[in-house]
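Reproduced below: coords.cif, with mmCIF, C-alpha atoms.
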data_my_file
#
loop_
_atom_site.label_atom_id
_atom_site.label_comp_id
_atom_site.auth_asym_id
_atom_site.auth_seq_id
_atom_site.Cartn_x
_atom_site.Cartn_y
_atom_site.Cartn_z
CA MET A 57 9.08 15.47 21.02
CA ARG A 58 7.94 12.43 19.08
CA LYS A 59 6.01 13.01 15.89
CA ASP A 60 2.68 11.40 15.07
CA LEU A 61 2.85 8.66 12.45
CA TYR A 62 -0.18 7.00 10.88
CA ILE A 63 0.43 3.77 8.98
CA PHE A 64 -1.77 2.44 6.17
CA SER A 65 -1.18 -1.24 5.46
CA GLY A 66 -1.39 -2.96 2.09
CA LEU A 67 -4.48 -4.43 0.50
CA GLY A 68 -6.17 -6.81 2.90
CA ALA A 69 -3.23 -6.65 5.27
CA ASP A 70 -2.91 -5.22 8.76
CA GLU A 71 -0.12 -4.21 11.10
CA ARG A 72 1.37 -7.72 10.95
CA VAL A 73 3.30 -6.78 7.80
CA PHE A 74 5.14 -4.11 9.78
CA TYR A 75 6.48 -6.44 12.46
CA LYS A 76 10.08 -5.67 11.47
CA LEU A 77 9.56 -1.94 11.13
CA ASP A 78 11.15 0.19 13.86
CA VAL A 79 8.78 3.06 14.61
CA SER A 80 9.90 3.59 18.20
CA GLU A 81 10.78 7.21 17.43
CA TYR A 82 7.14 8.00 16.64
CA ASN A 83 3.73 8.04 18.24
CA THR A 84 2.36 5.40 15.92
CA THR A 85 -1.23 4.61 14.98
CA TYR A 86 -2.18 1.86 12.55
CA ILE A 87 -5.14 2.78 10.39
CA THR A 88 -7.87 0.13 10.47
CA TRP A 89 -9.57 -0.75 7.21
CA VAL A 90 -13.34 -0.36 7.39
CA PRO A 91 -15.82 -2.05 5.04
CA ALA A 92 -16.27 -0.18 1.78
CA ASN A 93 -19.74 0.87 0.73
CA LYS A 94 -21.10 -0.45 -2.54
CA ASP A 95 -20.00 1.72 -5.49
CA GLU A 96 -17.98 3.95 -3.13
CA GLU A 97 -15.20 5.86 -4.85
CA ILE A 98 -11.73 5.81 -3.35
CA GLU A 99 -11.88 9.53 -2.50
CA GLN A 100 -15.06 8.96 -0.51
CA TYR A 101 -13.50 6.04 1.32
CA ALA A 102 -10.49 8.17 2.23
CA SER A 103 -12.85 10.79 3.67
CA ARG A 104 -14.31 8.19 6.03
CA ILE A 105 -10.88 6.91 7.06
CA ILE A 106 -9.80 10.42 8.06
CA ASN A 107 -11.74 10.24 11.32
CA GLN A 108 -9.04 7.86 12.60
CA ILE A 109 -6.49 10.68 12.31
CA THR A 110 -6.62 13.03 15.28
CA SER A 111 -3.24 14.78 15.09
CA PRO A 112 -2.52 18.05 13.27
CA LYS A 113 -0.03 17.77 10.38
CA PRO A 114 0.74 14.06 10.84
CA ILE A 115 3.20 11.93 8.94
CA LEU A 116 1.48 9.29 6.83
CA LEU A 117 3.13 6.04 5.76
CA GLY A 118 1.37 3.90 3.18
CA LEU A 119 2.29 0.47 1.90
CA SER A 120 1.07 -0.53 -1.57
CA PHE A 121 -2.71 0.05 -1.66
CA GLY A 122 -2.30 1.83 1.67
CA GLY A 123 -0.12 4.37 -0.10
CA ILE A 124 -2.91 5.10 -2.54
CA ILE A 125 -5.33 5.70 0.32
CA ALA A 126 -2.72 7.77 2.19
CA THR A 127 -2.34 9.91 -0.94
CA GLU A 128 -6.10 10.48 -1.12
CA VAL A 129 -6.17 11.35 2.60
CA ALA A 130 -3.28 13.80 2.17
CA LYS A 131 -5.27 15.60 -0.52
CA GLN A 132 -7.93 16.32 2.09
CA ILE A 133 -5.91 17.22 5.21
CA GLU A 134 -2.63 19.00 5.92
CA THR A 135 0.29 16.62 6.44
CA GLU A 136 3.96 17.03 7.31
CA LYS A 137 5.09 14.21 5.05
CA VAL A 138 3.71 11.26 3.11
CA ILE A 139 5.95 8.20 2.88
CA LEU A 140 5.02 5.72 0.17
CA VAL A 141 6.50 2.22 0.15
CA SER A 142 5.91 -0.09 -2.83
CA SER A 143 3.10 2.14 -3.99
CA ALA A 144 2.07 4.73 -6.58
CA LYS A 145 1.65 8.51 -6.41
CA THR A 146 -0.71 9.00 -9.36
CA LYS A 147 -2.72 6.94 -11.82
CA ASN A 148 0.19 7.21 -14.27
CA GLU A 149 2.27 4.95 -12.01
CA ILE A 150 -0.32 2.19 -12.19
CA PRO A 151 0.85 -0.13 -15.01
CA TRP A 152 -1.04 0.41 -18.25
CA TYR A 153 -2.07 -3.24 -18.41
CA TYR A 154 -3.87 -2.95 -15.05
CA ARG A 155 -5.72 0.12 -16.29
CA LEU A 156 -6.62 -1.69 -19.52
CA LEU A 157 -8.02 -4.61 -17.54
CA GLY A 158 -9.99 -2.07 -15.54
CA LYS A 159 -11.53 -0.58 -18.66
CA LEU A 160 -12.41 -4.04 -19.95
CA ARG A 161 -13.71 -5.04 -16.49
CA VAL A 162 -11.73 -8.28 -16.71
CA HIS A 163 -10.78 -8.08 -13.03
CA LYS A 164 -14.46 -8.53 -12.17
CA LEU A 165 -14.25 -12.09 -13.52
CA LEU A 166 -11.48 -13.24 -11.17
CA PRO A 167 -12.77 -15.97 -8.81
CA GLU A 168 -12.18 -15.73 -5.08
CA TYR A 169 -9.76 -18.65 -4.92
CA VAL A 170 -7.43 -16.91 -7.39
CA LEU A 171 -7.35 -13.76 -5.28
CA LYS A 172 -6.91 -15.41 -1.88
CA ARG A 173 -4.91 -18.58 -2.43
CA ALA A 174 -1.16 -18.51 -1.83
CA SER A 175 1.02 -20.35 -4.33
CA PHE A 176 4.53 -20.41 -5.73
CA PHE A 177 3.46 -17.69 -8.15
CA THR A 178 2.09 -15.55 -5.30
CA TYR A 179 5.35 -15.77 -3.37
CA TRP A 180 7.31 -14.88 -6.53
CA LEU A 181 4.98 -11.98 -7.28
CA PHE A 182 5.35 -10.50 -3.79
CA GLY A 183 9.06 -11.28 -3.56
CA VAL A 184 9.06 -13.41 -0.40
CA ASN A 185 11.38 -16.38 0.07
CA SER A 186 11.65 -17.36 3.73
CA LEU A 187 9.22 -19.84 5.26
CA GLN A 188 8.18 -17.29 7.90
CA ASP A 189 7.35 -14.63 5.31
CA LYS A 190 5.46 -17.12 3.15
CA GLN A 191 3.38 -18.22 6.13
CA LEU A 192 2.57 -14.61 6.98
CA LEU A 193 1.54 -13.81 3.41
CA ARG A 194 -0.58 -16.96 3.25
CA GLN A 195 -2.39 -16.01 6.46
CA ILE A 196 -2.94 -12.41 5.33
CA LEU A 197 -4.49 -13.58 2.06
CA LYS A 198 -6.69 -16.04 3.94
CA ASP A 199 -7.88 -13.34 6.36
CA THR A 200 -8.64 -10.79 3.65
CA ASP A 201 -12.29 -9.85 3.26
CA THR A 202 -13.28 -10.82 -0.28
CA ASN A 203 -15.71 -7.94 -0.79
CA PHE A 204 -13.13 -5.39 0.33
CA LEU A 205 -10.47 -7.03 -1.85
CA GLN A 206 -12.66 -6.87 -4.96
CA TRP A 207 -13.66 -3.28 -4.21
CA ALA A 208 -10.04 -2.23 -3.73
CA ILE A 209 -8.81 -3.90 -6.92
CA ASP A 210 -11.59 -2.19 -8.85
CA ASN A 211 -10.57 1.20 -7.46
CA ILE A 212 -6.86 0.63 -8.06
CA VAL A 213 -7.30 -0.14 -11.75
CA ARG A 214 -9.69 2.82 -12.12
CA TRP A 215 -7.73 5.28 -9.96
CA LYS A 216 -8.07 8.77 -11.40
CA ASN A 217 -5.63 10.76 -9.28
CA GLN A 218 -3.31 13.09 -11.16
CA THR A 219 -2.39 15.32 -8.21
CA LEU A 220 1.30 15.02 -7.37
CA LEU A 221 1.85 15.86 -3.72
CA THR A 222 4.93 17.95 -2.94
CA ASN A 223 5.80 16.42 0.43
CA VAL A 224 6.17 12.79 -0.64
CA LEU A 225 9.06 10.42 0.01
CA HIS A 226 8.64 7.45 -2.33
CA ILE A 227 10.60 4.26 -1.62
CA HIS A 228 10.38 1.48 -4.18
CA GLY A 229 11.99 -1.89 -4.82
CA LYS A 230 13.99 -2.52 -7.96
CA GLN A 231 12.48 -6.00 -8.22
CA ASP A 232 8.86 -5.07 -7.50
CA ARG A 233 6.76 -7.31 -9.75
CA ILE A 234 3.34 -5.96 -8.80
CA LEU A 235 4.15 -2.29 -9.39
CA PRO A 236 7.27 -2.50 -11.56
CA LEU A 237 9.87 0.23 -11.16
CA THR A 238 9.60 0.93 -14.90
CA PHE A 239 6.32 2.76 -14.30
CA VAL A 240 7.31 4.56 -11.10
CA HIS A 241 9.21 7.80 -10.51
CA THR A 242 10.65 7.13 -7.08
CA ASP A 243 12.96 8.99 -4.71
CA ILE A 244 14.80 5.96 -3.35
CA VAL A 245 15.34 2.58 -5.02
CA ILE A 246 15.98 -0.48 -2.85
CA GLU A 247 18.22 -2.96 -4.65
CA ASN A 248 16.66 -6.43 -4.87
CA GLY A 249 13.58 -5.14 -3.06
CA GLY A 250 10.28 -6.74 -4.03
CA HIS A 251 6.72 -5.66 -3.30
CA LEU A 252 6.96 -6.83 0.32
CA MET A 253 10.36 -5.29 1.00
CA ILE A 254 8.79 -3.73 4.11
CA ILE A 255 9.50 -7.23 5.50
CA THR A 256 12.39 -8.55 3.43
CA HIS A 257 14.42 -5.32 3.50
CA ALA A 258 13.18 -3.88 6.77
CA ASP A 259 16.67 -2.95 8.00
CA THR A 260 17.24 -0.70 4.99
CA ILE A 261 13.83 0.94 5.32
CA ASN A 262 14.38 1.45 9.06
CA GLN A 263 17.59 3.33 8.29
CA LEU A 264 15.74 5.57 5.84
CA LEU A 265 12.98 6.33 8.35
CA SER A 266 15.47 7.25 11.06
CA ARG A 267 17.10 9.99 8.97
#
Will you turn the file into structure tokens for me?
Amino acid sequence: MRKDLYIFSGLGADERVFYKLDVSEYNTTYITWVPANKDEEIEQYASRIINQITSPKPILLGLSFGGIIATEVAKQIETEKVILVSSAKTKNEIPWYYRLLGKLRVHKLLPEYVLKRASFFTYWLFGVNSLQDKQLLRQILKDTDTNFLQWAIDNIVRWKNQTLLTNVLHIHGKQDRILPLTFVHTDIVIENGGHLMIITHADTINQLLSR
């Protein structure tokens, strides 16, 4: 009997980033981001997202920001397993300099074009090299809702969670430049994996998921 898997994509992204992921062994549902309410805390947002989950004790898979939301969801419902890819389990795994920027509110000053425009630096930051992957990242950034993006960044740098779930499988890239491995206590390290290793190292991640 196939298990129920719910997938949370990264910030501003959708199921396109999982086009290389083999989830044929699961009954898979991709969680859809809904607009965030003004001044809504991340725990409250997770509570609203939960209505998209209809299975008892599901498996949750979260990529980057999606892993943070999946963690908050798993604190509110019973889950079989939570798989985090290129993400963080608690606020302590968010780099200190992000949290400092959050306290200083510097991130509020970032203009839209900085957040949504793809560049050489963006590709380096996310760890993508092929033309196809660059085009996908460029389109995802372009399609991202600015209000949601700003809300999410604000909640990431101010994330308060200190609850460490006991049923987590954390997979992280050794070359992740957005959430550096230095700050993360992970279960599995992917050599040469960057922040978007869900695409660039999909074969390795597929092998891990099929275990």
Enumerate, as a list in words, the residues matched when the PyMOL selection byres ((chain A and resi 197) around 8) is run on the file above.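 Against this file, the PyMOL selection byres ((chain A and resi 197) around 8) returns the residues Gly68, Ala69, Leu171, Lys172, Arg173, Ala174, Leu193, Arg194, Gln195, Ile196, Lys198, Asp199 and Thr200 of chain A.
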For the selection just defined, write its residues with C-alpha atoms to a file, as a compact mmCIF listing (two decimals), in the frame of the given file.
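And here's again_11.txt as it stands now:
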# COMPACT_ATOMS: atom_id res chain seq x y z
CA GLY A 68 -6.17 -6.81 2.90
CA ALA A 69 -3.23 -6.65 5.27
CA LEU A 171 -7.35 -13.76 -5.28
CA LYS A 172 -6.91 -15.41 -1.88
CA ARG A 173 -4.91 -18.58 -2.43
CA ALA A 174 -1.16 -18.51 -1.83
CA LEU A 193 1.54 -13.81 3.41
CA ARG A 194 -0.58 -16.96 3.25
CA GLN A 195 -2.39 -16.01 6.46
CA ILE A 196 -2.94 -12.41 5.33
CA LYS A 198 -6.69 -16.04 3.94
CA ASP A 199 -7.88 -13.34 6.36
CA THR A 200 -8.64 -10.79 3.65
Give me the residues of segment 136-227 of chain A that have any atom at most 8 Å from an atom of segment 241-249 of chain A; for each, the nearest atom pair and the distance in Å, rounded to one decimal. Use all atoms listed in the file, sort by chain and number, and format it as a tab-separated table.
residue	atom	partner	partner_atom	distance
A:Glu149	CA	A:His241	CA	7.7
A:Gly183	CA	A:Gly249	CA	7.6
A:Leu225	CA	A:Asp243	CA	6.3
A:His226	CA	A:Asp243	CA	5.2
A:Ile227	CA	A:Ile244	CA	4.9
Evaluate the PyMOL selection byres ((chain A and resi 118) around 10) on the structure here and hand back the selected residues as a VMD selection string. chain A and resid 62 to 66 87 116 to 117 119 to 127 138 to 144 226
Now that the selection is made, can you save its residues with C-alpha atoms as an mmCIF file, in the frame of the given file?
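part28.cif written:
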data_model
loop_
_atom_site.group_PDB
_atom_site.id
_atom_site.type_symbol
_atom_site.label_atom_id
_atom_site.label_comp_id
_atom_site.auth_asym_id
_atom_site.auth_seq_id
_atom_site.Cartn_x
_atom_site.Cartn_y
_atom_site.Cartn_z
ATOM 1 C CA TYR A 62 -0.180 7.000 10.880
ATOM 2 C CA ILE A 63 0.430 3.770 8.980
ATOM 3 C CA PHE A 64 -1.770 2.440 6.170
ATOM 4 C CA SER A 65 -1.180 -1.240 5.460
ATOM 5 C CA GLY A 66 -1.390 -2.960 2.090
ATOM 6 C CA ILE A 87 -5.140 2.780 10.390
ATOM 7 C CA LEU A 116 1.480 9.290 6.830
ATOM 8 C CA LEU A 117 3.130 6.040 5.760
ATOM 9 C CA LEU A 119 2.290 0.470 1.900
ATOM 10 C CA SER A 120 1.070 -0.530 -1.570
ATOM 11 C CA PHE A 121 -2.710 0.050 -1.660
ATOM 12 C CA GLY A 122 -2.300 1.830 1.670
ATOM 13 C CA GLY A 123 -0.120 4.370 -0.100
ATOM 14 C CA ILE A 124 -2.910 5.100 -2.540
ATOM 15 C CA ILE A 125 -5.330 5.700 0.320
ATOM 16 C CA ALA A 126 -2.720 7.770 2.190
ATOM 17 C CA THR A 127 -2.340 9.910 -0.940
ATOM 18 C CA VAL A 138 3.710 11.260 3.110
ATOM 19 C CA ILE A 139 5.950 8.200 2.880
ATOM 20 C CA LEU A 140 5.020 5.720 0.170
ATOM 21 C CA VAL A 141 6.500 2.220 0.150
ATOM 22 C CA SER A 142 5.910 -0.090 -2.830
ATOM 23 C CA SER A 143 3.100 2.140 -3.990
ATOM 24 C CA ALA A 144 2.070 4.730 -6.580
ATOM 25 C CA HIS A 226 8.640 7.450 -2.330
#
Selection under test: the PyMOL selection byres ((chain A and resi 260-262) around 10); residues as a count of residues only: 21
Around (9.9, 16.4, 1.0) in the file's frame, which residues reach within 9 Å when counting only C-alpha atoms? Return as a ChimeraX atom specification? /A:136-138,222-225
Residues around (0.5, 17.1, -9.5), cut-off 12 Å, counting all atoms listed in the file - what are they as a list of chain:residue names?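 Residues lying no farther than 12 Å from the given point: A:Thr127, A:Lys131, A:Lys145, A:Thr146, A:Lys147, A:Asn148, A:Asn217, A:Gln218, A:Thr219, A:Leu220, A:Leu221, A:Thr222, A:Asn223, A:Val224.
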